[in-house]
$ cat my_file-v2.cif   # mmCIF, C-alpha atoms
data_data
#
loop_
_atom_site.label_atom_id
_atom_site.label_comp_id
_atom_site.auth_asym_id
_atom_site.auth_seq_id
_atom_site.Cartn_x
_atom_site.Cartn_y
_atom_site.Cartn_z
CA MET A 1 21.15 -2.80 17.01
CA THR A 2 19.16 -0.33 19.08
CA THR A 3 16.22 -1.99 20.82
CA ILE A 4 13.12 -0.54 22.46
CA ASP A 5 11.14 -3.52 23.69
CA THR A 6 12.40 -7.01 22.96
CA THR A 7 9.46 -8.84 24.47
CA THR A 8 8.79 -12.04 22.53
CA ILE A 9 6.15 -11.60 19.82
CA THR A 10 3.57 -14.39 19.60
CA VAL A 11 0.56 -14.65 17.32
CA GLU A 12 -1.77 -17.33 15.99
CA LEU A 13 -2.89 -16.66 12.43
CA PRO A 14 -5.72 -18.18 10.34
CA GLU A 15 -3.26 -19.98 8.06
CA ALA A 16 -0.45 -22.37 8.99
CA PHE A 17 2.90 -20.90 7.97
CA ASP A 18 5.69 -22.94 6.42
CA PRO A 19 7.93 -24.39 9.18
CA ARG A 20 10.98 -23.44 7.13
CA TRP A 21 10.59 -19.86 8.36
CA SER A 22 12.51 -21.18 11.35
CA ARG A 23 15.63 -21.23 9.17
CA LEU A 24 15.87 -17.51 9.82
CA PRO A 25 17.20 -16.39 13.22
CA GLY A 26 14.69 -15.47 15.89
CA ILE A 27 11.53 -16.94 14.37
CA GLN A 28 9.78 -20.20 15.18
CA VAL A 29 6.70 -21.55 13.40
CA ASP A 30 4.40 -24.20 14.81
CA GLY A 31 1.47 -24.47 12.42
CA ARG A 32 -0.57 -21.29 12.79
CA ARG A 33 1.46 -20.12 15.77
CA ILE A 34 4.42 -17.80 15.13
CA THR A 35 6.93 -16.75 17.77
CA ILE A 36 9.51 -14.03 17.12
CA ASP A 37 12.42 -12.94 19.31
CA PRO A 38 12.98 -9.32 18.20
CA ALA A 39 16.56 -9.26 19.44
CA GLU A 40 17.44 -12.16 17.15
CA TYR A 41 15.05 -11.59 14.26
CA PHE A 42 15.56 -7.91 13.38
CA PHE A 43 18.65 -6.31 11.93
CA ARG A 44 17.40 -3.00 13.34
CA PHE A 45 14.60 -2.67 15.89
CA GLU A 46 14.13 0.84 17.22
CA SER A 47 10.35 1.08 17.50
CA SER A 48 7.83 -1.24 19.12
CA THR A 49 4.73 0.74 18.12
CA TRP A 50 2.86 0.64 14.83
CA LEU A 51 -0.14 2.45 13.35
CA ILE A 52 -3.04 0.27 12.25
CA ALA A 53 -6.75 0.50 11.50
CA ASP A 54 -9.43 -2.12 11.97
CA TRP A 55 -9.59 -4.38 8.91
CA GLU A 56 -13.33 -4.91 9.17
CA LEU A 57 -13.76 -1.14 9.07
CA VAL A 58 -11.50 -0.91 6.03
CA LYS A 59 -13.60 -3.56 4.30
CA SER A 60 -16.92 -1.91 5.10
CA GLN A 61 -16.01 1.76 4.61
CA LEU A 62 -13.00 2.04 2.30
CA LEU A 63 -12.66 -0.87 -0.12
CA ALA A 64 -15.86 0.04 -1.96
CA ALA A 65 -15.23 3.80 -1.89
CA ASN A 66 -14.62 5.50 -5.23
CA GLU A 67 -12.32 8.40 -5.93
CA THR A 68 -13.71 11.59 -7.42
CA THR A 69 -12.30 14.61 -9.23
CA GLU A 70 -11.92 16.26 -5.83
CA SER A 71 -10.54 13.31 -3.86
CA ALA A 72 -8.07 10.81 -5.32
CA VAL A 73 -7.83 7.31 -3.87
CA GLU A 74 -4.66 8.28 -1.99
CA GLN A 75 -6.57 11.10 -0.30
CA LEU A 76 -9.37 8.71 0.62
CA ALA A 77 -6.84 6.38 2.24
CA LEU A 78 -5.04 9.23 4.02
CA ASP A 79 -8.31 10.60 5.42
CA PHE A 80 -9.28 7.12 6.56
CA VAL A 81 -5.95 6.62 8.37
CA LYS A 82 -6.31 10.03 10.05
CA ALA A 83 -9.83 9.19 11.19
CA HIS A 84 -9.38 5.56 12.21
CA GLY A 85 -5.69 4.82 12.65
CA GLU A 86 -4.51 4.03 16.15
CA PRO A 87 -1.07 3.27 17.56
CA THR A 88 -0.46 -0.16 19.02
CA SER A 89 2.45 -1.85 20.73
CA ASP A 90 0.84 -5.26 20.14
CA ALA A 91 2.96 -6.73 17.34
CA GLY A 92 0.68 -9.76 17.20
CA ARG A 93 -2.21 -7.46 16.33
CA VAL A 94 -0.12 -5.94 13.55
CA LEU A 95 0.64 -9.38 12.14
CA GLY A 96 -3.01 -10.38 12.37
CA THR A 97 -4.09 -7.25 10.51
CA ALA A 98 -1.35 -7.73 7.91
CA TYR A 99 -2.45 -11.29 7.27
CA GLU A 100 -5.98 -10.08 6.46
CA VAL A 101 -4.62 -7.39 4.14
CA TYR A 102 -2.48 -9.83 2.16
CA ALA A 103 -5.04 -12.62 2.14
CA TYR A 104 -7.19 -10.08 0.33
CA LEU A 105 -4.52 -8.71 -2.02
CA PHE A 106 -3.03 -12.11 -2.93
CA ARG A 107 -6.22 -14.07 -3.39
CA ASP A 108 -6.51 -16.88 -5.89
CA GLU A 109 -9.05 -15.16 -8.14
CA HIS A 110 -6.30 -12.96 -9.57
CA LEU A 111 -4.31 -15.85 -10.99
CA ASP A 112 -6.25 -16.03 -14.28
CA GLY A 113 -5.37 -12.46 -15.20
CA LEU A 114 -1.81 -12.50 -13.92
CA GLY A 115 -0.12 -13.48 -17.18
CA LEU A 116 2.58 -15.42 -15.31
CA PRO A 117 1.78 -19.13 -15.75
CA LYS A 118 4.58 -20.20 -13.41
CA ILE A 119 2.86 -18.44 -10.50
CA THR A 120 0.42 -20.76 -8.74
CA ALA A 121 -1.87 -20.59 -5.72
CA GLU A 122 1.02 -22.03 -3.72
CA HIS A 123 3.15 -19.05 -4.68
CA LEU A 124 0.40 -16.68 -3.56
CA GLY A 125 0.55 -18.41 -0.19
CA MET A 126 4.28 -17.66 -0.05
CA LEU A 127 3.53 -14.02 -0.80
CA ARG A 128 0.90 -13.83 1.93
CA GLN A 129 3.28 -15.24 4.50
CA ALA A 130 6.29 -13.10 3.64
CA ALA A 131 4.27 -9.89 3.27
CA THR A 132 2.57 -10.52 6.63
CA LEU A 133 5.95 -10.65 8.36
CA MET A 134 7.14 -7.66 6.35
CA ALA A 135 4.52 -5.52 8.10
CA LEU A 136 6.67 -5.38 11.24
CA ASN A 137 9.22 -3.28 9.33
CA LYS A 138 8.76 0.42 9.90
CA VAL A 139 9.60 3.83 8.47
CA GLU A 140 9.24 6.99 10.52
CA LEU A 141 7.65 10.19 9.25
CA ASP A 142 11.07 11.79 8.81
CA GLY A 143 12.01 8.91 6.48
CA HIS A 144 14.32 7.12 8.92
CA ILE A 145 13.95 3.35 8.72
CA SER A 146 13.46 2.21 12.31
CA ASN A 147 12.70 -1.52 11.94
CA VAL A 148 14.32 -3.90 9.46
CA GLY A 149 13.74 -7.65 9.43
CA PRO A 150 14.80 -10.26 6.87
CA CYS A 151 11.52 -9.94 4.94
CA TRP A 152 12.59 -6.47 3.89
CA PHE A 153 14.77 -8.30 1.36
CA PHE A 154 11.92 -10.19 -0.23
CA PRO A 155 13.68 -12.44 -2.80
CA ALA A 156 16.39 -13.36 -0.30
CA ALA A 157 13.94 -14.29 2.46
CA THR A 158 11.59 -16.26 0.22
CA SER A 159 14.50 -18.07 -1.40
CA VAL A 160 15.79 -19.16 2.01
CA VAL A 161 12.41 -20.26 3.33
CA PHE A 162 10.84 -21.81 0.25
CA ASP A 163 13.97 -23.15 -1.50
CA LEU A 164 13.35 -21.01 -4.57
CA ASP A 165 16.02 -20.58 -7.20
CA ASP A 166 17.03 -17.07 -8.21
CA GLU A 167 14.73 -16.97 -11.22
CA MET A 168 11.59 -17.96 -9.32
CA GLY A 169 12.55 -15.83 -6.34
CA GLY A 170 12.81 -12.86 -8.68
CA THR A 171 9.51 -13.65 -10.37
CA LEU A 172 7.78 -13.84 -7.02
CA ASP A 173 9.30 -10.49 -6.07
CA GLU A 174 7.91 -8.95 -9.25
CA VAL A 175 4.44 -10.14 -8.29
CA TYR A 176 4.92 -8.72 -4.80
CA HIS A 177 6.06 -5.28 -5.81
CA GLY A 178 3.70 -4.65 -8.63
CA GLY A 179 4.48 -6.69 -11.72
CA TRP A 180 0.83 -7.72 -11.96
CA PHE A 181 -0.77 -4.48 -10.84
CA ASN A 182 -3.00 -2.83 -13.35
CA GLU A 183 -4.67 0.37 -12.18
CA HIS A 184 -7.49 -1.58 -10.56
CA ARG A 185 -4.95 -3.60 -8.54
CA ARG A 186 -3.02 -0.48 -7.57
CA ILE A 187 -6.14 1.18 -6.24
CA GLU A 188 -7.04 -1.99 -4.38
CA SER A 189 -3.60 -2.04 -2.78
CA ILE A 190 -3.75 1.60 -1.67
CA LYS A 191 -7.08 1.06 0.04
CA ALA A 192 -6.10 -2.21 1.72
CA HIS A 193 -2.84 -0.86 3.10
CA ALA A 194 -4.74 1.81 5.02
CA ALA A 195 -5.29 -0.97 7.58
CA LEU A 196 -1.52 -0.88 8.17
CA GLY A 197 -1.44 2.88 8.57
CA GLY A 198 0.09 3.98 5.28
CA ARG A 199 1.02 2.92 1.77
CA LEU A 200 3.32 0.30 0.34
CA VAL A 201 6.53 1.86 -0.99
CA HIS A 202 9.54 0.23 -2.60
CA GLY A 203 13.19 1.12 -2.54
CA CYS A 204 13.89 -0.77 -5.75
CA GLN A 205 13.28 -0.42 -9.45
CA SER A 206 13.33 -4.12 -10.29
CA VAL A 207 14.35 -7.54 -9.02
CA PRO A 208 18.15 -7.22 -9.37
CA ASP A 209 18.20 -4.13 -7.13
CA GLN A 210 16.35 -5.95 -4.32
CA SER A 211 15.75 -2.99 -2.04
CA GLY A 212 12.49 -4.24 -0.64
CA GLY A 213 9.26 -2.65 0.44
CA VAL A 214 7.64 -1.33 3.57
CA ILE A 215 4.42 0.31 4.71
CA ALA A 216 5.34 3.98 5.08
CA PRO A 217 3.19 6.70 6.61
CA TYR A 218 1.76 9.24 4.19
CA GLY A 219 4.10 12.22 4.16
CA ALA A 220 7.27 10.28 5.02
CA SER A 221 10.46 11.67 3.50
CA MET A 222 11.35 9.39 0.60
CA ALA A 223 14.73 11.10 0.15
CA THR A 224 15.80 10.12 3.67
CA PHE A 225 14.28 6.68 3.18
CA ARG A 226 16.32 6.14 0.00
CA ASP A 227 19.59 7.24 1.61
CA ASP A 228 19.06 5.18 4.76
CA LEU A 229 18.24 2.07 2.74
CA ALA A 230 21.28 2.45 0.50
CA ALA A 231 23.56 2.56 3.52
CA PHE A 232 22.61 -0.83 4.96
CA LYS A 233 21.05 -3.10 2.37
CA VAL A 234 24.04 -4.91 0.86
CA GLY A 235 25.44 -6.41 4.05
CA TRP A 236 22.07 -7.43 5.41
CA ILE A 237 20.98 -9.10 2.16
CA GLU A 238 24.14 -11.21 2.35
CA GLN A 239 23.26 -12.22 5.92
CA VAL A 240 19.81 -13.40 4.83
CA TYR A 241 21.20 -15.46 1.95
CA ALA A 242 23.69 -17.03 4.35
CA HIS A 243 20.81 -19.09 5.77
CA ARG A 244 20.02 -20.70 2.42
CA VAL A 245 20.08 -24.49 2.49
CA ILE A 246 22.57 -25.77 -0.06
CA ARG A 247 21.59 -29.19 -1.27
CA ALA A 248 24.12 -31.72 -2.52
CA ALA A 249 24.12 -32.31 -6.26
#
$ encode --input "my_file-v2.cif" --output "structure tokens"
Amino acid sequence: MTTIDTTTITVELPEAFDPRWSRLPGIQVDGRRITIDPAEYFFRFESSTWLIADWELVKSQLLAANETTESAVEQLALDFVKAHGEPTSDAGRVLGTAYEVYAYLFRDEHLDGLGLPKITAEHLGMLRQAATLMALNKVELDGHISNVGPCWFFPAATSVVFDLDDEMGGTLDEVYHGGWFNEHRRIESIKAHAALGGRLVHGCQSVPDQSGGVIAPYGASMATFRDDLAAFKVGWIEQVYAHRVIRAA
């Protein structure tokens, strides 16, 4: 693993995270306080800078903006990132911004229209937590994947932390990577992810493939991204699942 800056990452978030996140190497949870040792937590950690925009500015200027025949919603988000995005080496700030993004995207009001009765408000909390940590993953403009943590492999990580069986872990992953997105939800997601400097992209087609998602900068090479992901995913997924707690029958 190539490292840039392995300074311990510490953040206090508005919501207490599940203490079982500590099952994964390099992460400790004490209520709302999260501590991450990058050298232990990441499979690959080559960049300690991220691009973010102020969430309050996203809320006030972008979330209510409407696309036109001249400017699609993706263009609105790209222009916003160009105008307001700023690099930061403060990983805690990235996590704090990500929490606000996913508290908005996975809010309880969407449950009624989800069409998945097994998904509850508790499951949305799981999604908020895992997606927040996922924001530390990173893809470079040339498509190279520079940061990979266990939350890249969403069903594996949530199964380890929340003791989900394969069926529920897969269902939760479908919710995460778009199973409940109608066009309104897709547009909402594009706008919200501008706060994290890009758009949410997935390496997978469906749950069994389990290739995860990441916030990628607009213009990133998806061909390089696909090839890089294919080269490492199998072994690292197995390492995440190795931390699953096996309970006696």
$ residues_around --input "my_file-v2.cif" --residues "region 38-54 of chain A" --least-positions-apart "5" --cutoff "9 Å" --atoms "only C-alpha atoms" --output "NGL selection string"
:A and (1-9 or 24-27 or 59 or 80-81 or 84-91 or 93-94 or 97 or 136-138 or 145-150 or 194-198 or 217 or 236)
$ residues_near_point --input "my_file-v2.cif" --point "(20.3, -16.2, 7.5)" --cutoff "8 Å" --atoms "all atoms listed in the file" --output "tab-separated table (two decimals) with C-alpha atoms, in the frame of the given file"
chain	number	residue	atom	x	y	z
A	23	ARG	CA	15.63	-21.23	9.17
A	24	LEU	CA	15.87	-17.51	9.82
A	25	PRO	CA	17.20	-16.39	13.22
A	160	VAL	CA	15.79	-19.16	2.01
A	239	GLN	CA	23.26	-12.22	5.92
A	240	VAL	CA	19.81	-13.40	4.83
A	241	TYR	CA	21.20	-15.46	1.95
A	242	ALA	CA	23.69	-17.03	4.35
A	243	HIS	CA	20.81	-19.09	5.77
A	244	ARG	CA	20.02	-20.70	2.42
$ atom_distance --input "my_file-v2.cif" --atom1 "CA of Thr158 (chain A)" --atom2 "CA of Gly213 (chain A)"
13.8 Å
$ atom_distance --input "my_file-v2.cif" --atom1 "CA of Asp166 (chain A)" --atom2 "CA of Val245 (chain A)"
13.4 Å
$ resolve_selection --input "my_file-v2.cif" --expression "the PyMOL selection byres ((chain A and resi 216) around 8)" --output "ChimeraX atom specification"
/A:138-141,197-201,214-215,217-218,220
$ resolve_selection --input "my_file-v2.cif" --expression "the PyMOL selection byres ((chain A and resi 176) around 10)" --output "list in words"
Leu105, Phe106, Leu124, Leu127, Arg128, Ala130, Ala131, Phe154, Pro155, Gly170, Thr171, Leu172, Asp173, Glu174, Val175, His177, Gly178, Gly179, Trp180, Phe181, Gly212 and Gly213 of chain A
$ write_last_selection --input "my_file-v2.cif" --atoms "C-alpha atoms" --output "mmCIF file, keeping the file's coordinate frame"
data_model
loop_
_atom_site.group_PDB
_atom_site.id
_atom_site.type_symbol
_atom_site.label_atom_id
_atom_site.label_comp_id
_atom_site.auth_asym_id
_atom_site.auth_seq_id
_atom_site.Cartn_x
_atom_site.Cartn_y
_atom_site.Cartn_z
ATOM 1 C CA LEU A 105 -4.520 -8.710 -2.020
ATOM 2 C CA PHE A 106 -3.030 -12.110 -2.930
ATOM 3 C CA LEU A 124 0.400 -16.680 -3.560
ATOM 4 C CA LEU A 127 3.530 -14.020 -0.800
ATOM 5 C CA ARG A 128 0.900 -13.830 1.930
ATOM 6 C CA ALA A 130 6.290 -13.100 3.640
ATOM 7 C CA ALA A 131 4.270 -9.890 3.270
ATOM 8 C CA PHE A 154 11.920 -10.190 -0.230
ATOM 9 C CA PRO A 155 13.680 -12.440 -2.800
ATOM 10 C CA GLY A 170 12.810 -12.860 -8.680
ATOM 11 C CA THR A 171 9.510 -13.650 -10.370
ATOM 12 C CA LEU A 172 7.780 -13.840 -7.020
ATOM 13 C CA ASP A 173 9.300 -10.490 -6.070
ATOM 14 C CA GLU A 174 7.910 -8.950 -9.250
ATOM 15 C CA VAL A 175 4.440 -10.140 -8.290
ATOM 16 C CA HIS A 177 6.060 -5.280 -5.810
ATOM 17 C CA GLY A 178 3.700 -4.650 -8.630
ATOM 18 C CA GLY A 179 4.480 -6.690 -11.720
ATOM 19 C CA TRP A 180 0.830 -7.720 -11.960
ATOM 20 C CA PHE A 181 -0.770 -4.480 -10.840
ATOM 21 C CA GLY A 212 12.490 -4.240 -0.640
ATOM 22 C CA GLY A 213 9.260 -2.650 0.440
#
$ atom_distance --input "my_file-v2.cif" --atom1 "CA of Leu95 (chain A)" --atom2 "CA of Ala16 (chain A)"
13.4 Å
$ closest_residue --input "my_file-v2.cif" --among "A:Val73, A:Leu133, A:Ala230, A:Leu57" --to "Ile34 (chain A)" --atoms "only C-alpha atoms"
A:Leu133
$ resolve_selection --input "my_file-v2.cif" --expression "the PyMOL selection byres ((chain A and resi 76) around 9)" --output "number ranges by chain"
A: 62, 65-67, 71-75, 77-81, 191
$ write_last_selection --input "my_file-v2.cif" --atoms "C-alpha atoms" --output "PDB file, in the frame of the given file"
ATOM      1  CA  LEU A  62     -13.000   2.040   2.300  1.00  0.00           C
ATOM      2  CA  ALA A  65     -15.230   3.800  -1.890  1.00  0.00           C
ATOM      3  CA  ASN A  66     -14.620   5.500  -5.230  1.00  0.00           C
ATOM      4  CA  GLU A  67     -12.320   8.400  -5.930  1.00  0.00           C
ATOM      5  CA  SER A  71     -10.540  13.310  -3.860  1.00  0.00           C
ATOM      6  CA  ALA A  72      -8.070  10.810  -5.320  1.00  0.00           C
ATOM      7  CA  VAL A  73      -7.830   7.310  -3.870  1.00  0.00           C
ATOM      8  CA  GLU A  74      -4.660   8.280  -1.990  1.00  0.00           C
ATOM      9  CA  GLN A  75      -6.570  11.100  -0.300  1.00  0.00           C
ATOM     10  CA  ALA A  77      -6.840   6.380   2.240  1.00  0.00           C
ATOM     11  CA  LEU A  78      -5.040   9.230   4.020  1.00  0.00           C
ATOM     12  CA  ASP A  79      -8.310  10.600   5.420  1.00  0.00           C
ATOM     13  CA  PHE A  80      -9.280   7.120   6.560  1.00  0.00           C
ATOM     14  CA  VAL A  81      -5.950   6.620   8.370  1.00  0.00           C
ATOM     15  CA  LYS A 191      -7.080   1.060   0.040  1.00  0.00           C
TER      16      LYS A 191
END
$ closest_residue --input "my_file-v2.cif" --among "A:Val29, A:Ala83, A:Val58, A:Ala64" --to "Val161 (chain A)" --atoms "all atoms listed in the file"
A:Val29
